[in-house]
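Scroll down for the structure; my scribbles are underneath it.
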Number of protein chains: 4
Amino acid sequence: MTPHAILLLSCPDQPGIVAEVSNFIHRNRGNIVDLDEHVDKAENVFFMRLEWETNGFLIPREALAGAVQDLTRPYGPMECALHFTDVRPRVALFVSRDSHCLYDLLARHEGGELEMEIPLIVSNHEDLRRVADRFEIPFHVFPVNGKNKAKQEAAELALLRANEVDTVVLARYMQILSDEFVAALPNRVINIHHSFLPAFIGARPYHQAYDRGVKIVGATSHYVTADLDEGPIIAQDVMAVSHQDTVADLVRKGKDLEKIVLARAVWAHVRRRVLTCRNKTVVFQ
Amino acid sequence: MTPHAILLLSCPDQPGIVAEVSNFIHRNRGNIVDLDEHVDKAENVFFMRLEWETNGFLIPREALAGAVQDLTRPYGPMECALHFTDVRPRVALFVSRDSHCLYDLLARHEGGELEMEIPLIVSNHEDLRRVADRFEIPFHVFPVNGKNKAKQEAAELALLRANEVDTVVLARYMQILSDEFVAALPNRVINIHHSFLPAFIGARPYHQAYDRGVKIVGATSHYVTADLDEGPIIAQDVMAVSHQDTVADLVRKGKDLEKIVLARAVWAHVRRRVLTCRNKTVVFQ
Amino acid sequence: MTPHAILLLSCPDQPGIVAEVSNFIHRNRGNIVDLDEHVDKAENVFFMRLEWETNGFLIPREALAGAVQDLTRPYGPMECALHFTDVRPRVALFVSRDSHCLYDLLARHEGGELEMEIPLIVSNHEDLRRVADRFEIPFHVFPVNGKNKAKQEAAELALLRANEVDTVVLARYMQILSDEFVAALPNRVINIHHSFLPAFIGARPYHQAYDRGVKIVGATSHYVTADLDEGPIIAQDVMAVSHQDTVADLVRKGKDLEKIVLARAVWAHVRRRVLTCRNKTVVFQ
Amino acid sequence: MTPHAILLLSCPDQPGIVAEVSNFIHRNRGNIVDLDEHVDKAENVFFMRLEWETNGFLIPREALAGAVQDLTRPYGPMECALHFTDVRPRVALFVSRDSHCLYDLLARHEGGELEMEIPLIVSNHEDLRRVADRFEIPFHVFPVNGKNKAKQEAAELALLRANEVDTVVLARYMQILSDEFVAALPNRVINIHHSFLPAFIGARPYHQAYDRGVKIVGATSHYVTADLDEGPIIAQDVMAVSHQDTVADLVRKGKDLEKIVLARAVWAHVRRRVLTCRNKTVVFQ
């Protein structure tokens, strides 16, 4: 398959942008295979995702970013990102003791569903080393306590940089990251929270759900920001429960939600289908 | 159809209750058509719902409550309720300006799905009188403002008593009831809240959901208690939304959730399928 | 609100169509408020829906169809439809004895959710005349038996024509329409089938579902074609059931699915969001 | 934890069974931790599942089956099964080339969710040997072609017997088992079919779903019987799709359904929560 280019852009909404951009691709002999656009009328923001075949495209890859900038400059302040499908995102997985999300992501990756590299796995515990070993992925343990957190995070960031990691997936990593860590990877740290946010923010959401007596539980995958559990939501799903379900049942059933919802979010992210605007996402399916 | 008796009971869990109660029905020649039981192990509470045919039952109806008390006394403090299917609950509907829940309940009632009487409709506005008129149900307007609330609620309660109303359904009634009103009808006021509680408590939940950028919205039907939106949840449901949905879309789509979820809760309540324990429900399907 | 124009088109896929059409709207000073496009790569068919404000648009309404034809002629055989939001579709409801879909559509219509006219209701029974009367909509009864079907359908078609009806909604109309009737209204007769098609085609789907022991039941809204239950599907939804559900329970619970799914299909149709291609639909949300 | 006994029984419905059986457990000092019963009124069949603590139970384990028989003999022909939670079911997994269900089951098993042994994995291809190796489970390949099927199945059955396997899980095993094989393991072969049965029976259900243009796809787990895809359904689930989804999308998304639905069925089976009656199941949650 010839590599595709993917252009994500957002800017203040105004007439003619779709025509301008699609014309640009067209007259440079790009064959558009996917065009998605969205206008947030409340915020007056325009979002677009364009995917086209680069085979025969008149503008060379290294000049494309500049050409897009020239094209869109008249439309004012624009957020723009350009990707190529033959440059796979490098994703680090962060885990603690629960294996279900880790196994799920690794199995999907091995099956070809997630087009990304997994150069390494980070944990604050030794427990899941056996899983990493089975899939032959380097496993790095950084135990975190009240005192060493800043130092350990600095070491983690250095490791991520050394491995050219661009995205971190918290696959049930039971540590809160510092604002500094998060700031180093804006909208590139994906978390799975085991509740239907904004319900049951914080610790032990299944216990909270049980105590409240809800009839449905959920899971939420979101980009991590400085505000705990408040980052832009990428994916959510739910399942029915009843008075028959104990906390242990919620935990067991919830694992299915967690792994499915996290995998959907990671898939959308690595397929470059997610744009953000303040604390919200546009996810082009 | 011969009338059925329905017994709801809850008490501290202990061995032998199921055998004791089902034996009692059996040796008095009651044919059990439904037996549901549940043990809340965290609270150590036993819940049971028994429905049996009264035709040929050896204990006359007027003596049954006493016989059940004698039977269950050894099991300690017990909450017990006895109903007969030929005594239909009398339900008052409270509405404001939105008609969708009202129409839905009236259409279900006319179609025979809800085995209850609707002696009257109460509103704080005139708007929906035409709907009540179409179904030939008395419509009473009690405008509420900052000053007259206590007086109006007293008048409403008097009206409910005069009509022997035992349950109030808030079918999008946009007024907060006073603690006194709620206390007069414990676990007998059913509300529909247009969010997936406990997310988005309070006013304008669709706006809150839009601002938070959730990917799923919900509705919750619950018994009203003194704590706003904190009462025992009877039913919940959700639907997927996306960045494409405006607040107006959420409001439109949410109406379907509201009417379905409220109707499910009312159905379970009038079929005597709901037991409560603190702020939670047991709903036997 | 100024009227919007809505253009639906489909044609063999080829480069540049999006740019061409959106340019056309743009240079004639139309403000695009919605643009949806889809390429069916398996069939190589391009689908597009454009909605724009007509206020200040340079091409007068009566010349627009011709201008669009001129524009799209180079792209080969194209299916094209042009609508204006101030010309509301005229929809006839066909019913038999079950009232839930009828009430639901009438309540939505009265509440402003369905932007259409309902000039008349047709039935093969008298039963639901009271409902029509309550909403002050003319109610026409055409009893159908083995002998008079062709004659009655001819009379119905004449009535539809006299009322300038362009869409028929079968809101639980329990008669199979002849091929001739259906051919007179291609992709303009919407049915609700009370199963998850293609499971349980034909009569008594809830009985079939019960006998098969499925754990989920559904409802399907589709355009009616000459092949029974085989027309293009517009909307589907499902709900969980269990061994506890009798056929009567399935019928009761299924009514909620039927009315919700039918309403979604009608909403999408009258908002001009449905395009068809062979036996499939493209539904732009 | 002290071992529990689990009694499953079904017989013609008649008064007094619940009382009789629960009395029996009670007077022998069994502490009932779960009691579920169901009456299929259409078939007049009574189903019951009882789980109690064996600690201090007056009847020794080896005498219990006889005692239950004596107890239930007066109630006529009864199907009865007795299990103890410290005797874990021995389950063989059958696979072909797709790894998602296999990985999912193995990860759940390792995580303690599925209380069973997995003594071996069988396949008709070598492909997934690496997965078995990673989890250190013996992997046996039996290539099947038109000629050797009977011989290979005989060898498989011998292997299952030698390993005291009582349940076979077809985790995307792409071979149809002969009637003889199925007859050797009645209601003990669990399959996952990648459609919402009875829609899309047979081969390539996602292609069928795509061609039909459905808006929802599903997966079904069922006991295998001599009639292909007609066995008793244990679990089903579905997800929404749209015109945007290609066959490849359906395949990708469907994998999540397949693994979740299969795991739910296996969980219910090994927890002894499934009873069958003709081609239907009773699944006590």
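In the structure tokens, the first chain shown is A, the next is B, and so on; residue numbers restart at 1 for each chain, and ligands run from 1 in the order shown.
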Just need the residues of chain A within 7 Å of chain C, counting only C-alpha atoms, so spit them out as a PyMOL selection string.
chain A and resi 15-16+19+22-23+26+31
Find the spatial neighbours of Glu117 in chain D, counting only C-alpha atoms, within a cut-off of 7 Å - ignore same-chain residues fewer than 3 positions away - and output them as a ChimeraX atom specification.
/D:88-91
Filtering to N, CA and C atoms, could you give me those residues as a PDB file, in the first residue's frame?
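The result, written out as selection-v9.pdb:
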ATOM      1  N   ARG D  88     -12.611 -28.188  39.663  1.00  0.00           N
ATOM      2  CA  ARG D  88     -12.689 -27.216  38.582  1.00  0.00           C
ATOM      3  C   ARG D  88     -12.892 -27.911  37.234  1.00  0.00           C
ATOM      4  N   PRO D  89     -13.768 -27.368  36.405  1.00  0.00           N
ATOM      5  CA  PRO D  89     -13.979 -27.956  35.076  1.00  0.00           C
ATOM      6  C   PRO D  89     -12.691 -27.924  34.268  1.00  0.00           C
ATOM      7  N   ARG D  90     -12.507 -28.946  33.460  1.00  0.00           N
ATOM      8  CA  ARG D  90     -11.327 -29.045  32.606  1.00  0.00           C
ATOM      9  C   ARG D  90     -11.759 -28.727  31.180  1.00  0.00           C
ATOM     10  N   VAL D  91     -11.219 -27.654  30.646  1.00  0.00           N
ATOM     11  CA  VAL D  91     -11.715 -27.070  29.398  1.00  0.00           C
ATOM     12  C   VAL D  91     -10.619 -27.086  28.337  1.00  0.00           C
TER      13      VAL D  91
END
Test item: residues at most 8 Å from range 208-218 of chain B, only C-alpha atoms, excluding those fewer than 3 positions along its chain, as a PDB file with C-alpha atoms, in the first residue's frame:
ATOM      1  CA  LEU A 197     -16.813  10.264  33.907  1.00  0.00           C
ATOM      2  CA  PRO A 232     -10.668  15.586  26.957  1.00  0.00           C
ATOM      3  CA  ILE A 233     -12.731  12.398  26.677  1.00  0.00           C
ATOM      4  CA  ILE A 234     -11.901  10.203  23.684  1.00  0.00           C
ATOM      5  CA  ALA A 235     -14.171   7.203  24.244  1.00  0.00           C
ATOM      6  CA  GLN A 236     -16.705   5.901  26.744  1.00  0.00           C
ATOM      7  CA  ASP A 237     -18.823   2.838  27.096  1.00  0.00           C
ATOM      8  CA  ASN A 279     -11.280  20.050  27.188  1.00  0.00           C
ATOM      9  CA  LYS A 280     -13.152  18.285  24.385  1.00  0.00           C
ATOM     10  CA  THR A 281     -12.344  16.021  21.468  1.00  0.00           C
TER      11      THR A 281
ATOM     12  CA  HIS B 194     -32.079  13.973  32.477  1.00  0.00           C
ATOM     13  CA  SER B 195     -28.556  12.765  33.139  1.00  0.00           C
ATOM     14  CA  PHE B 196     -26.706   9.645  34.075  1.00  0.00           C
ATOM     15  CA  LEU B 197     -26.617  10.286  37.813  1.00  0.00           C
ATOM     16  CA  PHE B 200     -24.501  16.240  36.154  1.00  0.00           C
ATOM     17  CA  ARG B 204     -29.282  21.982  32.855  1.00  0.00           C
ATOM     18  CA  PRO B 205     -27.577  18.584  32.716  1.00  0.00           C
ATOM     19  CA  GLN B 236     -31.083   4.238  34.097  1.00  0.00           C
ATOM     20  CA  ASP B 237     -30.289   4.130  30.440  1.00  0.00           C
ATOM     21  CA  VAL B 238     -27.858   5.828  28.084  1.00  0.00           C
ATOM     22  CA  MET B 239     -27.172   6.559  24.430  1.00  0.00           C
ATOM     23  CA  ALA B 240     -24.074   7.340  22.452  1.00  0.00           C
ATOM     24  CA  VAL B 241     -23.477  10.908  21.302  1.00  0.00           C
ATOM     25  CA  SER B 242     -20.596  12.541  19.494  1.00  0.00           C
ATOM     26  CA  HIS B 243     -18.920  15.850  18.822  1.00  0.00           C
ATOM     27  CA  THR B 246     -25.227  20.230  19.781  1.00  0.00           C
ATOM     28  CA  VAL B 247     -26.989  20.940  23.046  1.00  0.00           C
ATOM     29  CA  LEU B 250     -28.768  16.237  23.240  1.00  0.00           C
ATOM     30  CA  GLY B 254     -32.434  12.746  25.529  1.00  0.00           C
ATOM     31  CA  LEU B 257     -34.206   8.263  27.169  1.00  0.00           C
TER      32      LEU B 257
END
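With only C-alpha atoms as the basis for measurement, B:Ala5 is the residue among B:Asn145, B:Gly76, B:Ala5, B:Val182 that approaches Pro60 in chain B most closely.
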Any chance you could list, as a short mmCIF file (atom, residue, chain, number, x, y, z; two decimals) with N, CA and C atoms, in the first residue's frame, the residues in range 28-264 of chain A that come up helix (DSSP H, G or I) when DSSP is run on the backbone?
data_model
loop_
_atom_site.label_atom_id
_atom_site.label_comp_id
_atom_site.auth_asym_id
_atom_site.auth_seq_id
_atom_site.Cartn_x
_atom_site.Cartn_y
_atom_site.Cartn_z
N ARG A 61 7.29 15.35 0.17
CA ARG A 61 6.93 15.20 1.58
C ARG A 61 7.53 16.29 2.46
N GLU A 62 8.80 16.61 2.21
CA GLU A 62 9.48 17.54 3.11
C GLU A 62 8.99 18.99 2.90
N ALA A 63 8.36 19.24 1.76
CA ALA A 63 7.87 20.60 1.50
C ALA A 63 6.39 20.77 1.86
N LEU A 64 5.78 19.68 2.27
CA LEU A 64 4.32 19.71 2.41
C LEU A 64 3.87 20.58 3.59
N ALA A 65 4.56 20.46 4.70
CA ALA A 65 4.16 21.25 5.87
C ALA A 65 4.17 22.74 5.54
N GLY A 66 5.22 23.16 4.88
CA GLY A 66 5.30 24.56 4.48
C GLY A 66 4.19 24.95 3.53
N ALA A 67 3.89 24.11 2.57
CA ALA A 67 2.83 24.41 1.60
C ALA A 67 1.48 24.54 2.29
N VAL A 68 1.23 23.67 3.25
CA VAL A 68 -0.03 23.76 3.98
C VAL A 68 -0.09 25.05 4.77
N GLN A 69 1.02 25.43 5.38
CA GLN A 69 1.05 26.69 6.13
C GLN A 69 0.74 27.87 5.22
N ASP A 70 1.35 27.90 4.05
CA ASP A 70 1.08 28.98 3.10
C ASP A 70 -0.40 29.03 2.74
N LEU A 71 -0.93 27.83 2.52
CA LEU A 71 -2.33 27.74 2.09
C LEU A 71 -3.29 28.26 3.15
N THR A 72 -3.01 27.93 4.41
CA THR A 72 -3.99 28.19 5.46
C THR A 72 -3.74 29.48 6.20
N ARG A 73 -2.61 30.14 5.92
CA ARG A 73 -2.29 31.37 6.64
C ARG A 73 -3.43 32.39 6.59
N PRO A 74 -4.05 32.59 5.43
CA PRO A 74 -5.12 33.60 5.38
C PRO A 74 -6.29 33.29 6.31
N TYR A 75 -6.40 32.06 6.74
CA TYR A 75 -7.55 31.70 7.58
C TYR A 75 -7.30 31.96 9.06
N HIS A 100 -5.17 -6.96 32.47
CA HIS A 100 -6.14 -7.14 31.39
C HIS A 100 -5.96 -6.13 30.26
N CYS A 101 -5.72 -4.87 30.58
CA CYS A 101 -5.52 -3.89 29.50
C CYS A 101 -4.20 -4.14 28.77
N LEU A 102 -3.20 -4.52 29.50
CA LEU A 102 -1.90 -4.77 28.87
C LEU A 102 -1.99 -5.94 27.88
N TYR A 103 -2.54 -7.06 28.35
CA TYR A 103 -2.70 -8.21 27.45
C TYR A 103 -3.52 -7.83 26.21
N ASP A 104 -4.56 -7.07 26.47
CA ASP A 104 -5.46 -6.73 25.36
C ASP A 104 -4.73 -5.89 24.31
N LEU A 105 -3.99 -4.89 24.76
CA LEU A 105 -3.27 -4.05 23.80
C LEU A 105 -2.19 -4.85 23.07
N LEU A 106 -1.47 -5.69 23.80
CA LEU A 106 -0.41 -6.46 23.16
C LEU A 106 -0.98 -7.45 22.16
N ALA A 107 -2.09 -8.08 22.50
CA ALA A 107 -2.70 -9.03 21.56
C ALA A 107 -3.21 -8.31 20.31
N ARG A 108 -3.82 -7.15 20.50
CA ARG A 108 -4.27 -6.37 19.34
C ARG A 108 -3.08 -5.95 18.48
N HIS A 109 -2.02 -5.53 19.15
CA HIS A 109 -0.85 -5.07 18.41
C HIS A 109 -0.27 -6.22 17.59
N GLU A 110 -0.14 -7.36 18.23
CA GLU A 110 0.40 -8.52 17.52
C GLU A 110 -0.50 -8.92 16.35
N ARG A 129 6.11 -8.14 34.64
CA ARG A 129 7.29 -8.38 33.81
C ARG A 129 7.10 -9.64 32.95
N ARG A 130 6.48 -10.67 33.53
CA ARG A 130 6.30 -11.91 32.77
C ARG A 130 5.51 -11.65 31.48
N VAL A 131 4.54 -10.74 31.53
CA VAL A 131 3.75 -10.46 30.33
C VAL A 131 4.63 -9.79 29.28
N ALA A 132 5.39 -8.81 29.70
CA ALA A 132 6.30 -8.13 28.77
C ALA A 132 7.29 -9.13 28.17
N ASP A 133 7.81 -10.00 29.02
CA ASP A 133 8.77 -11.00 28.54
C ASP A 133 8.15 -11.87 27.45
N ARG A 134 6.93 -12.30 27.67
CA ARG A 134 6.28 -13.17 26.69
C ARG A 134 6.19 -12.51 25.32
N LYS A 149 9.29 10.60 43.62
CA LYS A 149 8.44 10.73 42.45
C LYS A 149 9.05 11.63 41.37
N ALA A 150 9.51 12.82 41.76
CA ALA A 150 10.06 13.75 40.77
C ALA A 150 11.26 13.12 40.05
N LYS A 151 12.09 12.47 40.83
CA LYS A 151 13.29 11.87 40.25
C LYS A 151 12.90 10.73 39.30
N GLN A 152 11.96 9.90 39.73
CA GLN A 152 11.57 8.77 38.90
C GLN A 152 10.91 9.24 37.60
N GLU A 153 10.07 10.24 37.72
CA GLU A 153 9.42 10.74 36.51
C GLU A 153 10.44 11.33 35.55
N ALA A 154 11.44 12.00 36.10
CA ALA A 154 12.49 12.54 35.22
C ALA A 154 13.20 11.41 34.49
N ALA A 155 13.44 10.33 35.21
CA ALA A 155 14.09 9.18 34.58
C ALA A 155 13.18 8.56 33.51
N GLU A 156 11.90 8.50 33.81
CA GLU A 156 10.95 7.95 32.83
C GLU A 156 10.94 8.82 31.57
N LEU A 157 10.88 10.13 31.77
CA LEU A 157 10.86 11.03 30.61
C LEU A 157 12.14 10.88 29.78
N ALA A 158 13.26 10.73 30.46
CA ALA A 158 14.52 10.54 29.73
C ALA A 158 14.46 9.26 28.91
N LEU A 159 13.92 8.21 29.53
CA LEU A 159 13.79 6.93 28.83
C LEU A 159 12.86 7.07 27.61
N LEU A 160 11.77 7.81 27.79
CA LEU A 160 10.83 8.00 26.68
C LEU A 160 11.51 8.75 25.54
N ARG A 161 12.28 9.78 25.91
CA ARG A 161 12.97 10.56 24.89
C ARG A 161 14.00 9.70 24.15
N ALA A 162 14.71 8.92 24.92
CA ALA A 162 15.74 8.06 24.31
C ALA A 162 15.13 7.06 23.34
N ASP A 179 2.11 17.29 37.18
CA ASP A 179 1.79 18.25 36.13
C ASP A 179 2.96 18.40 35.16
N GLU A 180 4.17 18.29 35.68
CA GLU A 180 5.34 18.47 34.81
C GLU A 180 5.41 17.34 33.78
N PHE A 181 5.18 16.13 34.25
CA PHE A 181 5.20 14.99 33.34
C PHE A 181 4.14 15.18 32.25
N VAL A 182 2.95 15.51 32.68
CA VAL A 182 1.85 15.66 31.72
C VAL A 182 2.15 16.79 30.73
N ALA A 183 2.71 17.86 31.24
CA ALA A 183 2.98 19.01 30.38
C ALA A 183 3.99 18.67 29.29
N ALA A 184 4.82 17.66 29.56
CA ALA A 184 5.83 17.26 28.57
C ALA A 184 5.22 16.51 27.39
N PRO A 205 -13.59 3.90 41.98
CA PRO A 205 -14.89 4.24 41.39
C PRO A 205 -15.92 3.11 41.46
N TYR A 206 -15.51 1.84 41.40
CA TYR A 206 -16.51 0.78 41.50
C TYR A 206 -17.14 0.73 42.88
N HIS A 207 -16.32 1.01 43.90
CA HIS A 207 -16.91 1.10 45.24
C HIS A 207 -17.90 2.26 45.31
N GLN A 208 -17.51 3.37 44.72
CA GLN A 208 -18.44 4.51 44.71
C GLN A 208 -19.73 4.16 43.97
N ALA A 209 -19.59 3.48 42.84
CA ALA A 209 -20.77 3.12 42.05
C ALA A 209 -21.67 2.16 42.83
N TYR A 210 -21.03 1.21 43.51
CA TYR A 210 -21.80 0.27 44.31
C TYR A 210 -22.56 1.01 45.42
N ASP A 211 -21.85 1.90 46.09
CA ASP A 211 -22.48 2.62 47.20
C ASP A 211 -23.64 3.50 46.74
N ARG A 212 -23.51 4.02 45.52
CA ARG A 212 -24.58 4.89 45.01
C ARG A 212 -25.75 4.08 44.46
N VAL A 247 -19.41 -5.51 44.60
CA VAL A 247 -18.26 -4.73 44.14
C VAL A 247 -17.34 -5.62 43.30
N ALA A 248 -17.15 -6.86 43.76
CA ALA A 248 -16.27 -7.77 43.00
C ALA A 248 -16.82 -8.03 41.60
N ASP A 249 -18.15 -8.12 41.47
CA ASP A 249 -18.75 -8.29 40.14
C ASP A 249 -18.50 -7.06 39.27
N LEU A 250 -18.66 -5.88 39.87
CA LEU A 250 -18.42 -4.65 39.11
C LEU A 250 -16.97 -4.61 38.63
N VAL A 251 -16.05 -4.97 39.50
CA VAL A 251 -14.64 -4.97 39.12
C VAL A 251 -14.41 -5.94 37.96
N ARG A 252 -14.97 -7.15 38.09
CA ARG A 252 -14.78 -8.16 37.04
C ARG A 252 -15.40 -7.71 35.72
N LYS A 253 -16.65 -7.30 35.77
CA LYS A 253 -17.32 -6.89 34.53
C LYS A 253 -16.69 -5.64 33.95
N GLY A 254 -16.28 -4.74 34.85
CA GLY A 254 -15.72 -3.48 34.39
C GLY A 254 -14.43 -3.65 33.60
N LYS A 255 -13.71 -4.73 33.88
CA LYS A 255 -12.46 -4.94 33.13
C LYS A 255 -12.71 -5.03 31.64
N ASP A 256 -13.83 -5.63 31.26
CA ASP A 256 -14.15 -5.70 29.84
C ASP A 256 -14.34 -4.31 29.24
N LEU A 257 -15.06 -3.47 29.99
CA LEU A 257 -15.24 -2.09 29.53
C LEU A 257 -13.90 -1.39 29.40
N GLU A 258 -13.08 -1.53 30.43
CA GLU A 258 -11.82 -0.80 30.46
C GLU A 258 -10.96 -1.14 29.25
N LYS A 259 -10.83 -2.42 28.98
CA LYS A 259 -9.92 -2.77 27.89
C LYS A 259 -10.48 -2.39 26.53
N ILE A 260 -11.78 -2.53 26.36
CA ILE A 260 -12.39 -2.18 25.08
C ILE A 260 -12.32 -0.67 24.84
N VAL A 261 -12.67 0.09 25.86
CA VAL A 261 -12.71 1.55 25.71
C VAL A 261 -11.29 2.10 25.51
N LEU A 262 -10.35 1.59 26.27
CA LEU A 262 -8.97 2.06 26.09
C LEU A 262 -8.47 1.72 24.68
N ALA A 263 -8.77 0.52 24.24
CA ALA A 263 -8.30 0.12 22.90
C ALA A 263 -8.92 0.99 21.81
N ARG A 264 -10.18 1.35 21.98
CA ARG A 264 -10.82 2.23 20.99
C ARG A 264 -10.14 3.59 20.95
#
Can you tell me which residues surround Ser10 in chain B at a distance of at most 6 Å, considering only C-alpha atoms, apart from same-chain residues fewer than 6 positions away, and format the answer as a compact mmCIF listing (two decimals) with C-alpha atoms, in the first residue's frame?
# COMPACT_ATOMS: atom_id res chain seq x y z
CA PHE B 46 -32.42 -10.30 52.87
CA PHE B 47 -35.01 -9.17 50.29
CA MET B 78 -38.73 -6.75 59.16
CA GLU B 79 -40.08 -4.39 56.55
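Using only C-alpha atoms, the nearest neighbour of Leu82 in chain B within the list B:Leu7, B:Leu275, B:Ile137, B:Ile201 is B:Leu7.
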Quick one: everything within 6 Å of range 120-126 of chain A, counting only C-alpha atoms, minus sequence neighbours fewer than 3 positions away in the same chain. Send it as JSON, numbers by chain.
{"A": [92, 93, 94, 95, 96, 129, 137, 138, 139, 140, 141, 142, 143]}
Can you write out the residues you just picked, keeping C-alpha atoms, as a short mmCIF file (atom, residue, chain, number, x, y, z; two decimals), in the first residue's frame?
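Saved to result.cif:
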data_model
loop_
_atom_site.label_atom_id
_atom_site.label_comp_id
_atom_site.auth_asym_id
_atom_site.auth_seq_id
_atom_site.Cartn_x
_atom_site.Cartn_y
_atom_site.Cartn_z
CA ALA A 92 4.96 3.40 25.66
CA LEU A 93 2.60 1.43 27.89
CA PHE A 94 2.49 2.24 31.60
CA VAL A 95 1.08 -0.45 33.87
CA SER A 96 0.87 -1.41 37.51
CA ARG A 129 7.29 -8.38 33.81
CA ILE A 137 9.14 -6.01 24.96
CA PRO A 138 11.60 -4.25 27.29
CA PHE A 139 10.12 -3.78 30.75
CA HIS A 140 11.31 -0.97 33.00
CA VAL A 141 10.39 -0.70 36.64
CA PHE A 142 10.36 2.66 38.40
CA PRO A 143 9.07 2.19 41.93
#
Hey, what does DSSP flag as strand (DSSP E) within range 204-252 of chain D? Can you give it to me as an MDAnalysis selection string?
chainID D and resid 216:223 233:240
Surrounding residues of Arg272 in chain A excluding itself and chain neighbours under 2 positions, 9 Å, only C-alpha atoms, as a short mmCIF file (atom, residue, chain, number, x, y, z; two decimals) with N, CA and C atoms, in the first residue's frame:
data_model
loop_
_atom_site.label_atom_id
_atom_site.label_comp_id
_atom_site.auth_asym_id
_atom_site.auth_seq_id
_atom_site.Cartn_x
_atom_site.Cartn_y
_atom_site.Cartn_z
N ILE A 6 -1.90 12.37 6.18
CA ILE A 6 -3.06 12.73 6.99
C ILE A 6 -2.85 14.14 7.51
N LEU A 7 -3.80 15.00 7.21
CA LEU A 7 -3.74 16.39 7.65
C LEU A 7 -4.87 16.64 8.63
N LEU A 8 -4.52 17.09 9.82
CA LEU A 8 -5.51 17.50 10.82
C LEU A 8 -5.41 19.00 10.98
N ARG A 49 -10.17 16.66 8.88
CA ARG A 49 -9.20 15.58 8.74
C ARG A 49 -9.24 15.13 7.29
N HIS A 83 0.73 13.99 9.24
CA HIS A 83 1.28 12.66 9.52
C HIS A 83 1.35 11.84 8.24
N TRP A 267 -6.71 3.24 19.34
CA TRP A 267 -6.87 3.05 17.91
C TRP A 267 -7.14 4.39 17.22
N ALA A 268 -8.07 5.16 17.77
CA ALA A 268 -8.41 6.44 17.16
C ALA A 268 -7.21 7.39 17.18
N HIS A 269 -6.48 7.35 18.29
CA HIS A 269 -5.31 8.23 18.42
C HIS A 269 -4.23 7.87 17.40
N VAL A 270 -3.89 6.60 17.30
CA VAL A 270 -2.79 6.23 16.39
C VAL A 270 -3.23 6.32 14.93
N VAL A 274 -8.22 11.87 16.17
CA VAL A 274 -8.68 12.66 17.31
C VAL A 274 -8.09 14.06 17.24
N LEU A 275 -8.94 15.07 17.29
CA LEU A 275 -8.50 16.45 17.45
C LEU A 275 -9.04 16.94 18.79
N PHE A 284 -13.11 11.61 14.61
CA PHE A 284 -13.68 11.25 13.30
C PHE A 284 -13.62 9.73 13.14
#
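Note that CA of Phe84 in chain D and CA of Gly56 in chain D are 14.7 Å apart.
Between CA of Thr220 in chain A and CA of His193 in chain A lies a distance of 5.2 Å.
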